[in-house]
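What follows is the content of start14.pdb, which has PDB, C-alpha atoms:
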ATOM      1  CA  MET A   1    -204.803 -87.513-111.424
ATOM      2  CA  SER A   2    -201.667 -89.585-110.898
ATOM      3  CA  LYS A   3    -198.119 -89.091-112.097
ATOM      4  CA  VAL A   4    -195.300 -91.628-112.436
ATOM      5  CA  ALA A   5    -191.692 -91.200-113.530
ATOM      6  CA  ILE A   6    -189.459 -93.950-114.886
ATOM      7  CA  ILE A   7    -185.712 -93.420-114.600
ATOM      8  CA  GLY A   8    -183.971 -95.651-117.122
ATOM      9  CA  VAL A   9    -185.893 -96.735-120.222
ATOM     10  CA  GLY A  10    -183.787 -99.595-121.474
ATOM     11  CA  HIS A  11    -185.287-103.061-121.970
ATOM     12  CA  VAL A  12    -187.028-103.088-118.586
ATOM     13  CA  GLY A  13    -187.929 -99.419-118.187
ATOM     14  CA  ALA A  14    -189.405 -99.330-121.688
ATOM     15  CA  GLN A  15    -191.498-102.404-120.898
ATOM     16  CA  VAL A  16    -192.772-100.782-117.691
ATOM     17  CA  ALA A  17    -193.723 -97.690-119.685
ATOM     18  CA  ALA A  18    -195.506 -99.755-122.344
ATOM     19  CA  ASP A  19    -197.452-101.713-119.722
ATOM     20  CA  MET A  20    -198.457 -98.542-117.891
ATOM     21  CA  VAL A  21    -199.703 -96.861-121.047
ATOM     22  CA  LEU A  22    -201.659 -99.939-122.156
ATOM     23  CA  ARG A  23    -203.254-100.353-118.722
ATOM     24  CA  GLY A  24    -203.816 -96.651-118.071
ATOM     25  CA  THR A  25    -201.849 -96.919-114.846
ATOM     26  CA  ALA A  26    -201.208 -93.185-114.495
ATOM     27  CA  SER A  27    -202.524 -89.946-115.935
ATOM     28  CA  GLU A  28    -199.005 -88.732-116.696
ATOM     29  CA  LEU A  29    -195.798 -90.629-117.355
ATOM     30  CA  VAL A  30    -192.353 -89.009-117.293
ATOM     31  CA  LEU A  31    -189.430 -90.752-119.020
ATOM     32  CA  ILE A  32    -185.794 -90.087-118.093
ATOM     33  CA  ASP A  33    -182.733 -91.819-119.482
ATOM     34  CA  LYS A  34    -179.054 -91.016-119.689
ATOM     35  CA  ASN A  35    -179.492 -91.485-123.433
ATOM     36  CA  ASP A  36    -181.895 -88.633-124.224
ATOM     37  CA  LYS A  37    -182.490 -89.959-127.734
ATOM     38  CA  LYS A  38    -183.708 -93.273-126.299
ATOM     39  CA  ALA A  39    -186.153 -91.514-123.978
ATOM     40  CA  LEU A  40    -187.457 -89.393-126.862
ATOM     41  CA  ALA A  41    -187.817 -92.462-129.084
ATOM     42  CA  GLU A  42    -189.878 -94.209-126.401
ATOM     43  CA  TYR A  43    -192.012 -91.076-126.058
ATOM     44  CA  TYR A  44    -192.912 -91.164-129.757
ATOM     45  CA  ASP A  45    -193.443 -94.931-129.762
ATOM     46  CA  LEU A  46    -195.714 -94.828-126.717
ATOM     47  CA  THR A  47    -197.645 -91.841-128.012
ATOM     48  CA  ASP A  48    -198.206 -93.489-131.395
ATOM     49  CA  GLN A  49    -199.717 -96.605-129.866
ATOM     50  CA  GLN A  50    -202.279 -94.552-127.969
ATOM     51  CA  ALA A  51    -204.155 -93.991-131.214
ATOM     52  CA  LEU A  52    -205.251 -97.617-130.700
ATOM     53  CA  THR A  53    -205.845 -97.651-126.942
ATOM     54  CA  ARG A  54    -208.851 -96.804-124.815
ATOM     55  CA  GLU A  55    -206.752 -95.198-122.099
ATOM     56  CA  GLN A  56    -204.839 -91.981-122.698
ATOM     57  CA  THR A  57    -201.632 -91.122-120.845
ATOM     58  CA  VAL A  58    -199.734 -87.863-121.139
ATOM     59  CA  VAL A  59    -196.137 -88.918-121.846
ATOM     60  CA  THR A  60    -193.253 -86.471-121.405
ATOM     61  CA  THR A  61    -189.471 -86.642-121.280
ATOM     62  CA  VAL A  62    -186.835 -84.750-119.302
ATOM     63  CA  PRO A  63    -183.269 -84.284-120.576
ATOM     64  CA  TYR A  64    -180.931 -86.172-118.251
ATOM     65  CA  THR A  65    -178.551 -83.272-117.620
ATOM     66  CA  GLN A  66    -181.261 -80.695-116.892
ATOM     67  CA  ASN A  67    -183.088 -80.259-113.579
ATOM     68  CA  TRP A  68    -185.793 -82.743-112.730
ATOM     69  CA  ASP A  69    -188.246 -80.322-111.107
ATOM     70  CA  THR A  70    -191.144 -82.130-112.772
ATOM     71  CA  LEU A  71    -190.621 -84.994-110.300
ATOM     72  CA  ALA A  72    -191.839 -82.801-107.435
ATOM     73  CA  ASP A  73    -195.471 -83.823-107.837
ATOM     74  CA  CYS A  74    -194.883 -87.420-108.904
ATOM     75  CA  ASP A  75    -196.668 -90.065-106.875
ATOM     76  CA  VAL A  76    -194.215 -92.823-107.788
ATOM     77  CA  ILE A  77    -190.724 -93.008-109.249
ATOM     78  CA  VAL A  78    -189.656 -96.317-110.775
ATOM     79  CA  VAL A  79    -185.877 -96.758-110.890
ATOM     80  CA  ALA A  80    -185.047 -99.115-113.752
ATOM     81  CA  ALA A  81    -181.583 -97.931-114.829
ATOM     82  CA  GLY A  82    -178.795-100.477-115.201
ATOM     83  CA  ASN A  83    -176.464-102.311-117.558
ATOM     84  CA  ILE A  84    -177.569-105.854-118.306
ATOM     85  CA  GLU A  85    -174.424-106.445-120.362
ATOM     86  CA  LEU A  86    -172.467-106.794-117.113
ATOM     87  CA  THR A  87    -174.324-110.021-116.281
ATOM     88  CA  ARG A  88    -173.353-111.696-119.550
ATOM     89  CA  GLN A  89    -169.773-112.343-118.531
ATOM     90  CA  ASP A  90    -168.835-115.949-117.696
ATOM     91  CA  GLY A  91    -169.958-116.821-114.186
ATOM     92  CA  ALA A  92    -171.625-113.442-113.645
ATOM     93  CA  ASP A  93    -174.917-112.915-111.816
ATOM     94  CA  ARG A  94    -176.978-109.900-110.717
ATOM     95  CA  LEU A  95    -174.157-108.859-108.373
ATOM     96  CA  ALA A  96    -172.002-108.021-111.404
ATOM     97  CA  GLU A  97    -174.112-104.884-111.822
ATOM     98  CA  LEU A  98    -173.423-103.572-108.322
ATOM     99  CA  PRO A  99    -170.587-101.075-108.976
ATOM    100  CA  ASN A 100    -172.439 -99.580-111.944
ATOM    101  CA  SER A 101    -175.772 -99.565-110.103
ATOM    102  CA  ALA A 102    -174.253 -97.853-107.060
ATOM    103  CA  GLN A 103    -172.905 -95.130-109.346
ATOM    104  CA  ILE A 104    -176.339 -94.722-110.904
ATOM    105  CA  VAL A 105    -177.795 -94.130-107.437
ATOM    106  CA  ARG A 106    -175.128 -91.511-106.731
ATOM    107  CA  ASP A 107    -175.928 -89.813-110.051
ATOM    108  CA  ILE A 108    -179.707 -89.661-109.765
ATOM    109  CA  VAL A 109    -180.284 -89.082-106.053
ATOM    110  CA  PRO A 110    -179.136 -85.424-105.977
ATOM    111  CA  LYS A 111    -181.519 -84.614-108.842
ATOM    112  CA  ILE A 112    -184.434 -86.405-107.176
ATOM    113  CA  LYS A 113    -183.766 -84.681-103.850
ATOM    114  CA  ALA A 114    -183.413 -81.272-105.515
ATOM    115  CA  SER A 115    -186.851 -81.706-107.118
ATOM    116  CA  GLY A 116    -188.540 -81.954-103.718
ATOM    117  CA  PHE A 117    -190.031 -85.363-104.516
ATOM    118  CA  ASP A 118    -191.758 -86.952-101.507
ATOM    119  CA  GLY A 119    -193.612 -89.915-102.978
ATOM    120  CA  ILE A 120    -192.901 -93.636-103.286
ATOM    121  CA  VAL A 121    -189.822 -95.114-104.973
ATOM    122  CA  ILE A 122    -189.985 -98.576-106.529
ATOM    123  CA  ASN A 123    -186.572 -99.999-107.358
ATOM    124  CA  ILE A 124    -185.936-102.565-110.084
ATOM    125  CA  THR A 125    -182.205-101.949-110.580
ATOM    126  CA  ASN A 126    -180.082-104.980-109.672
ATOM    127  CA  PRO A 127    -178.926-106.291-107.326
ATOM    128  CA  CYS A 128    -182.395-105.215-106.226
ATOM    129  CA  ASP A 129    -182.189-105.582-102.442
ATOM    130  CA  VAL A 130    -178.737-104.030-102.140
ATOM    131  CA  VAL A 131    -179.633-101.116-104.409
ATOM    132  CA  ALA A 132    -182.919-100.517-102.568
ATOM    133  CA  THR A 133    -180.986-100.348 -99.293
ATOM    134  CA  TYR A 134    -178.431 -97.936-100.742
ATOM    135  CA  LEU A 135    -181.071 -95.865-102.523
ATOM    136  CA  GLN A 136    -183.102 -95.363 -99.350
ATOM    137  CA  GLN A 137    -180.046 -94.350 -97.359
ATOM    138  CA  GLN A 138    -178.888 -91.887 -99.996
ATOM    139  CA  ILE A 139    -182.241 -90.333-100.836
ATOM    140  CA  GLY A 140    -183.302 -89.878 -97.221
ATOM    141  CA  LEU A 141    -186.942 -90.869 -97.640
ATOM    142  CA  SER A 142    -188.477 -93.065 -94.949
ATOM    143  CA  THR A 143    -188.073 -96.822 -95.310
ATOM    144  CA  ASN A 144    -191.843 -96.980 -95.903
ATOM    145  CA  GLN A 145    -191.436 -94.852 -99.022
ATOM    146  CA  VAL A 146    -188.822 -97.024-100.745
ATOM    147  CA  ILE A 147    -189.455-100.591-101.891
ATOM    148  CA  GLY A 148    -187.995-102.963-104.453
ATOM    149  CA  THR A 149    -189.668-105.436-106.778
ATOM    150  CA  GLY A 150    -187.826-108.119-104.790
ATOM    151  CA  THR A 151    -189.126-111.666-105.084
ATOM    152  CA  THR A 152    -192.520-110.766-106.556
ATOM    153  CA  LEU A 153    -191.326-111.888-109.985
ATOM    154  CA  ASP A 154    -189.556-114.934-108.521
ATOM    155  CA  THR A 155    -192.848-115.915-106.901
ATOM    156  CA  ALA A 156    -194.542-115.668-110.291
ATOM    157  CA  ARG A 157    -191.833-117.913-111.729
ATOM    158  CA  MET A 158    -192.411-120.411-108.927
ATOM    159  CA  LYS A 159    -196.122-120.436-109.715
ATOM    160  CA  ARG A 160    -195.362-121.049-113.385
ATOM    161  CA  ALA A 161    -193.124-123.990-112.482
ATOM    162  CA  VAL A 162    -195.690-125.489-110.101
ATOM    163  CA  SER A 163    -198.555-125.058-112.560
ATOM    164  CA  THR A 164    -196.465-126.716-115.297
ATOM    165  CA  PHE A 165    -195.639-129.743-113.157
ATOM    166  CA  PHE A 166    -199.190-130.102-111.869
ATOM    167  CA  LYS A 167    -200.838-129.125-115.159
ATOM    168  CA  CYS A 168    -203.058-126.594-113.415
ATOM    169  CA  ASN A 169    -203.937-122.923-113.779
ATOM    170  CA  MET A 170    -201.353-120.577-112.251
ATOM    171  CA  ALA A 171    -204.183-118.783-110.429
ATOM    172  CA  ASP A 172    -204.660-121.983-108.390
ATOM    173  CA  VAL A 173    -201.116-121.760-107.018
ATOM    174  CA  SER A 174    -200.524-119.722-103.861
ATOM    175  CA  GLY A 175    -197.382-119.141-101.799
ATOM    176  CA  PHE A 176    -194.167-117.154-101.810
ATOM    177  CA  VAL A 177    -190.530-117.033-102.803
ATOM    178  CA  LEU A 178    -188.654-114.999-100.202
ATOM    179  CA  GLY A 179    -185.203-113.592 -99.472
ATOM    180  CA  GLU A 180    -182.781-112.065-101.932
ATOM    181  CA  HIS A 181    -183.750-111.417-105.522
ATOM    182  CA  GLY A 182    -180.705-113.458-106.464
ATOM    183  CA  GLU A 183    -178.926-116.724-105.874
ATOM    184  CA  THR A 184    -179.949-117.104-102.202
ATOM    185  CA  GLN A 185    -183.690-116.755-102.768
ATOM    186  CA  PHE A 186    -185.797-119.689-101.587
ATOM    187  CA  THR A 187    -189.316-120.963-101.969
ATOM    188  CA  ALA A 188    -191.116-121.124 -98.622
ATOM    189  CA  TRP A 189    -192.819-124.411 -99.439
ATOM    190  CA  SER A 190    -194.789-124.286 -96.201
ATOM    191  CA  THR A 191    -196.738-121.383 -97.742
ATOM    192  CA  VAL A 192    -197.367-123.022-101.127
ATOM    193  CA  ALA A 193    -200.618-124.739-102.043
ATOM    194  CA  VAL A 194    -202.309-125.955-105.212
ATOM    195  CA  ALA A 195    -206.027-125.156-105.173
ATOM    196  CA  GLY A 196    -205.819-125.036-101.388
ATOM    197  CA  VAL A 197    -203.967-128.360-101.045
ATOM    198  CA  PRO A 198    -200.550-127.973 -99.350
ATOM    199  CA  ILE A 199    -197.791-128.541-101.889
ATOM    200  CA  THR A 200    -196.214-131.298 -99.815
ATOM    201  CA  HIS A 201    -199.423-133.337 -99.985
ATOM    202  CA  ALA A 202    -200.031-132.538-103.650
ATOM    203  CA  ALA A 203    -196.447-133.437-104.602
ATOM    204  CA  GLU A 204    -196.516-136.711-102.688
ATOM    205  CA  SER A 205    -199.752-137.842-104.308
ATOM    206  CA  SER A 206    -198.452-136.871-107.764
ATOM    207  CA  ASN A 207    -194.952-138.325-107.247
ATOM    208  CA  ILE A 208    -193.358-134.907-107.860
ATOM    209  CA  LYS A 209    -190.124-133.858-106.130
ATOM    210  CA  LEU A 210    -190.038-130.388-104.600
ATOM    211  CA  GLU A 211    -186.348-130.163-105.480
ATOM    212  CA  ASP A 212    -187.255-130.327-109.172
ATOM    213  CA  LEU A 213    -189.800-127.551-108.709
ATOM    214  CA  LYS A 214    -187.283-125.478-106.767
ATOM    215  CA  GLU A 215    -184.667-125.703-109.500
ATOM    216  CA  GLU A 216    -187.083-124.859-112.297
ATOM    217  CA  ALA A 217    -188.369-121.827-110.390
ATOM    218  CA  ARG A 218    -184.853-120.637-109.528
ATOM    219  CA  LEU A 219    -183.603-120.929-113.096
ATOM    220  CA  GLY A 220    -186.618-119.221-114.682
ATOM    221  CA  GLY A 221    -184.862-115.903-115.214
ATOM    222  CA  TRP A 222    -181.745-117.520-116.613
ATOM    223  CA  HIS A 223    -183.782-119.484-119.157
ATOM    224  CA  ILE A 224    -185.031-116.138-120.459
ATOM    225  CA  MET A 225    -181.560-114.565-120.375
ATOM    226  CA  ALA A 226    -180.126-117.466-122.350
ATOM    227  CA  GLY A 227    -182.712-117.043-125.079
ATOM    228  CA  LYS A 228    -183.044-113.294-125.556
ATOM    229  CA  GLY A 229    -180.275-111.760-123.480
ATOM    230  CA  PHE A 230    -182.454-109.897-121.003
ATOM    231  CA  THR A 231    -185.726-110.185-119.096
ATOM    232  CA  SER A 232    -188.434-107.586-119.530
ATOM    233  CA  ASN A 233    -192.052-108.800-119.729
ATOM    234  CA  GLY A 234    -192.353-110.328-116.282
ATOM    235  CA  ILE A 235    -190.441-107.649-114.412
ATOM    236  CA  GLY A 236    -192.146-104.887-116.380
ATOM    237  CA  LEU A 237    -195.589-106.026-115.318
ATOM    238  CA  THR A 238    -194.339-106.645-111.773
ATOM    239  CA  ALA A 239    -193.317-103.001-111.394
ATOM    240  CA  THR A 240    -196.557-101.867-113.021
ATOM    241  CA  VAL A 241    -198.736-103.917-110.667
ATOM    242  CA  LEU A 242    -196.820-102.643-107.622
ATOM    243  CA  THR A 243    -197.226 -99.078-108.873
ATOM    244  CA  GLU A 244    -200.963 -99.588-109.300
ATOM    245  CA  ALA A 245    -201.186-101.007-105.768
ATOM    246  CA  VAL A 246    -199.676 -97.749-104.496
ATOM    247  CA  LEU A 247    -201.650 -95.361-106.684
ATOM    248  CA  ASN A 248    -204.959 -97.098-105.953
ATOM    249  CA  ASP A 249    -204.220 -97.620-102.243
ATOM    250  CA  MET A 250    -204.965-101.308-102.710
ATOM    251  CA  ARG A 251    -203.489-102.378 -99.348
ATOM    252  CA  GLN A 252    -202.407-105.602-101.027
ATOM    253  CA  ALA A 253    -199.616-107.921 -99.873
ATOM    254  CA  PHE A 254    -196.710-108.847-102.157
ATOM    255  CA  PRO A 255    -193.397-110.650-101.579
ATOM    256  CA  LEU A 256    -191.432-107.506-102.395
ATOM    257  CA  SER A 257    -188.147-106.068-101.173
ATOM    258  CA  ALA A 258    -188.836-104.063 -98.012
ATOM    259  CA  TYR A 259    -186.736-102.817 -95.142
ATOM    260  CA  ASP A 260    -186.110-105.272 -92.335
ATOM    261  CA  ALA A 261    -185.364-103.321 -89.154
ATOM    262  CA  GLU A 262    -183.699-106.298 -87.483
ATOM    263  CA  LYS A 263    -181.428-107.137 -90.431
ATOM    264  CA  GLN A 264    -181.054-103.443 -91.386
ATOM    265  CA  ILE A 265    -181.277-104.236 -95.090
ATOM    266  CA  TYR A 266    -183.955-104.626 -97.736
ATOM    267  CA  ILE A 267    -185.011-108.211 -98.387
ATOM    268  CA  GLY A 268    -187.884-110.054-100.053
ATOM    269  CA  GLN A 269    -190.658-110.504 -97.504
ATOM    270  CA  VAL A 270    -194.456-110.446 -97.596
ATOM    271  CA  THR A 271    -195.408-106.781 -97.315
ATOM    272  CA  ARG A 272    -198.708-104.936 -97.603
ATOM    273  CA  ILE A 273    -198.517-101.685 -99.580
ATOM    274  CA  GLY A 274    -200.812 -98.777-100.326
ATOM    275  CA  LYS A 275    -200.776 -95.066-101.058
ATOM    276  CA  LYS A 276    -198.219 -94.358 -98.340
ATOM    277  CA  GLY A 277    -195.939 -97.187 -99.419
ATOM    278  CA  VAL A 278    -195.277 -99.913 -96.874
ATOM    279  CA  LEU A 279    -198.216-100.347 -94.514
ATOM    280  CA  THR A 280    -197.139-103.463 -92.638
ATOM    281  CA  HIS A 281    -195.123-106.652 -92.913
ATOM    282  CA  VAL A 282    -197.154-109.851 -92.913
ATOM    283  CA  ASP A 283    -195.967-112.293 -90.272
ATOM    284  CA  VAL A 284    -195.595-115.427 -92.370
ATOM    285  CA  LYS A 285    -194.795-118.402 -90.144
ATOM    286  CA  LEU A 286    -191.743-120.144 -91.581
ATOM    287  CA  THR A 287    -190.392-123.562 -90.710
ATOM    288  CA  PRO A 288    -187.001-123.652 -88.931
ATOM    289  CA  ASP A 289    -185.292-124.562 -92.214
ATOM    290  CA  GLU A 290    -187.021-121.725 -94.044
ATOM    291  CA  GLN A 291    -186.091-119.254 -91.328
ATOM    292  CA  ALA A 292    -182.485-120.403 -91.618
ATOM    293  CA  ALA A 293    -182.660-119.845 -95.374
ATOM    294  CA  PHE A 294    -184.080-116.349 -94.809
ATOM    295  CA  ASP A 295    -181.288-115.527 -92.357
ATOM    296  CA  ALA A 296    -178.652-116.818 -94.776
ATOM    297  CA  SER A 297    -180.147-114.754 -97.580
ATOM    298  CA  ALA A 298    -180.109-111.654 -95.372
ATOM    299  CA  ALA A 299    -176.453-112.308 -94.548
ATOM    300  CA  ALA A 300    -175.665-112.471 -98.266
ATOM    301  CA  ILE A 301    -177.385-109.140 -98.896
ATOM    302  CA  GLN A 302    -175.553-107.596 -95.937
ATOM    303  CA  HIS A 303    -172.241-108.808 -97.330
ATOM    304  CA  ASN A 304    -172.996-107.515-100.797
ATOM    305  CA  PHE A 305    -174.046-104.162 -99.389
ATOM    306  CA  SER A 306    -170.668-103.904 -97.654
ATOM    307  CA  LEU A 307    -169.032-104.043-101.104
ATOM    308  CA  ILE A 308    -170.394-100.632-102.116
TER     309      ILE A 308
END
Translate the structure of the given file into structure tokens.
Amino acid sequence: MSKVAIIGVGHVGAQVAADMVLRGTASELVLIDKNDKKALAEYYDLTDQQALTREQTVVTTVPYTQNWDTLADCDVIVVAAGNIELTRQDGADRLAELPNSAQIVRDIVPKIKASGFDGIVINITNPCDVVATYLQQQIGLSTNQVIGTGTTLDTARMKRAVSTFFKCNMADVSGFVLGEHGETQFTAWSTVAVAGVPITHAAESSNIKLEDLKEEARLGGWHIMAGKGFTSNGIGLTATVLTEAVLNDMRQAFPLSAYDAEKQIYIGQVTRIGKKGVLTHVDVKLTPDEQAAFDASAAAIQHNFSLI
């Protein structure tokens, strides 16, 4: 038996819930949203669809203003609350959500702590790395118990861009996007390969410029935002897959947002996770330029964290 709670069931949280129900990720799913009517609506919608699914998930809701004692025996809490409207202002990016996201953390942490929850927290709320850092500090769980989706989705976007340029299956593309889930993220090209062929060799033989790939991967999320006003499918499945890796003790490595003891912040790095959360960081050998990019990204997260 496994139990997951999702705090915030807007565009992203609702997608996470839908993916988890369709995949049978957990035995029980708890929905919490500041808008109780929205949480209840998702409950009915998710329950209805289970008449057509093989897996059955017990879905429940908890009124936002009541106690959250039901979280005590949850294995995983996914934090997906936020306000995407704040990023739609001219020149805005994920950082525009920071003041609102910090307030969300201050609102929900006392309720989570009061429940006695001692499982794993997966943060989606943006800016992801900054919020994960703040969330861990406020909630008091170990750094191994709190992670963020980080650059897992950005890595998927990189793989889409590479597969498009090379006209290959995305499963043939390996490698990582690291650093901030934001403007300072970077593709560690030294880790990227197409069907085992290093990307530098593959690009040279195909007359493809890595700079073009980099830009397409970086702008992936904004292409989606421009068309439908929010992202949901990719990030929803990202959080679901990370949750399954925890629940099933998969001991699998992802480029997620994890605590860096040296930088003292959360940042996208290759991290192996399982039932107890973070198991170990994978020592990916970066080139000097990539290490400089990682350090610059960490500095950006540190600066943004200082704004809370």
Any chance you could resolve the PyMOL selection byres ((chain A and resi 161) around 9) against this file and give the residues as a PyMOL selection string?
chain A and resi 156-160+162-166+170+213-214+216-217+220
Quick one: of A:Val4, A:Ala171, A:Ile265, A:Leu31, who's nearest to Asn304 in chain A, counting all atoms listed in the file?
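Using all atoms listed in the file, Asn304 in chain A sits closest to A:Ile265.
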Quick one: residues within 9 Å of Thr61 in chain A, all atoms listed in the file counted, chain neighbours fewer than 4 positions away excluded, as a PDB file with C-alpha atoms, in the frame of the given file?
ATOM      1  CA  LEU A  29    -195.798 -90.629-117.355  1.00  0.00           C
ATOM      2  CA  VAL A  30    -192.353 -89.009-117.293  1.00  0.00           C
ATOM      3  CA  LEU A  31    -189.430 -90.752-119.020  1.00  0.00           C
ATOM      4  CA  ILE A  32    -185.794 -90.087-118.093  1.00  0.00           C
ATOM      5  CA  ASP A  33    -182.733 -91.819-119.482  1.00  0.00           C
ATOM      6  CA  ASP A  36    -181.895 -88.633-124.224  1.00  0.00           C
ATOM      7  CA  ALA A  39    -186.153 -91.514-123.978  1.00  0.00           C
ATOM      8  CA  LEU A  40    -187.457 -89.393-126.862  1.00  0.00           C
ATOM      9  CA  TYR A  43    -192.012 -91.076-126.058  1.00  0.00           C
TER      10      TYR A  43
END
Assuming the chain letters and numbering stay as they are in my file, what does the PyMOL selection byres ((chain A and resi 187) around 9) actually select? List them as a list in words.
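Applying the expression gives Asp154, Thr155, Met158, Gly175, Phe176, Val177, Leu178, Gly179, Gln185, Phe186, Ala188, Trp189, Ser190, Thr191, Val192, Lys214, Ala217, Arg218 and Glu290 of chain A.
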What is the CA of Met250 in chain A-CA of Ser142 in chain A distance in Å, reported with one decimal?
20.0 Å
For Ala226 in chain A, work out the shell of residues within 12 Å, counting all atoms listed in the file and skipping chain neighbours fewer than 6 positions away, then give it as a list in words.
Thr87, Arg88, Leu219 and Gly220 of chain A
Rank A:Gly140, A:Gly10, A:Gly227, A:Gly221 by their smallest atom-to-atom distance to Glu183 in chain A, using all atoms listed in the file, and report the top residue only.
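Result for the nearest residue to Glu183 in chain A: A:Gly221.
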Residue contacts of Gly116 in chain A (9 Å, only C-alpha atoms) excluding same-chain residues fewer than 2 positions away, as an MDAnalysis selection string:
chainID A and resid 69 71:73 112:114 118
If you measure from CA of Gln302 in chain A to CA of Val146 in chain A, what distance in Å do you get, rounded to one decimal?
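These two atoms are separated by 17.6 Å.
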Could you extract range 104-160 of chain A of the given structure into a file holding C-alpha atoms, as a compact mmCIF listing (two decimals), in the first residue's frame?
# COMPACT_ATOMS: atom_id res chain seq x y z
CA ILE A 104 2.82 29.23 -0.10
CA VAL A 105 5.67 27.46 1.69
CA ARG A 106 5.01 29.50 4.83
CA ASP A 107 1.31 28.60 4.62
CA ILE A 108 1.62 24.85 4.10
CA VAL A 109 4.66 23.93 6.17
CA PRO A 110 3.01 24.32 9.61
CA LYS A 111 0.18 22.02 8.51
CA ILE A 112 2.58 19.41 7.12
CA LYS A 113 4.72 19.50 10.27
CA ALA A 114 1.66 19.28 12.53
CA SER A 115 0.55 16.11 10.71
CA GLY A 116 3.74 14.28 11.70
CA PHE A 117 4.65 13.56 8.07
CA ASP A 118 8.11 11.99 7.71
CA GLY A 119 8.23 10.86 4.09
CA ILE A 120 9.64 12.32 0.88
CA VAL A 121 8.71 15.74 -0.53
CA ILE A 122 8.93 16.37 -4.27
CA ASN A 123 8.73 20.04 -5.18
CA ILE A 124 7.47 21.36 -8.51
CA THR A 125 6.62 24.92 -7.43
CA ASN A 126 8.74 27.54 -9.20
CA PRO A 127 11.39 28.77 -9.02
CA CYS A 128 11.99 25.09 -8.31
CA ASP A 129 15.51 25.12 -6.86
CA VAL A 130 14.95 28.16 -4.66
CA VAL A 131 11.63 26.86 -3.36
CA ALA A 132 13.10 23.40 -2.68
CA THR A 133 15.86 25.04 -0.64
CA TYR A 134 13.38 27.16 1.31
CA LEU A 135 10.94 24.28 1.75
CA GLN A 136 13.59 21.98 3.21
CA GLN A 137 14.79 24.64 5.62
CA GLN A 138 11.28 25.45 6.79
CA ILE A 139 9.94 21.92 7.06
CA GLY A 140 12.97 20.55 8.88
CA LEU A 141 13.18 17.22 7.08
CA SER A 142 16.63 15.98 6.09
CA THR A 143 18.02 17.15 2.75
CA ASN A 144 17.69 13.53 1.56
CA GLN A 145 13.93 13.71 2.07
CA VAL A 146 13.31 16.81 -0.05
CA ILE A 147 13.95 16.98 -3.80
CA GLY A 148 12.72 19.05 -6.71
CA THR A 149 11.85 18.06 -10.26
CA GLY A 150 14.78 20.27 -11.30
CA THR A 151 16.19 19.72 -14.77
CA THR A 152 14.59 16.32 -15.36
CA LEU A 153 12.02 17.94 -17.65
CA ASP A 154 14.65 20.18 -19.25
CA THR A 155 16.65 17.05 -20.05
CA ALA A 156 13.59 15.57 -21.73
CA ARG A 157 13.25 18.76 -23.77
CA MET A 158 16.91 18.51 -24.77
CA LYS A 159 16.34 14.94 -25.92
CA ARG A 160 13.34 16.05 -27.97
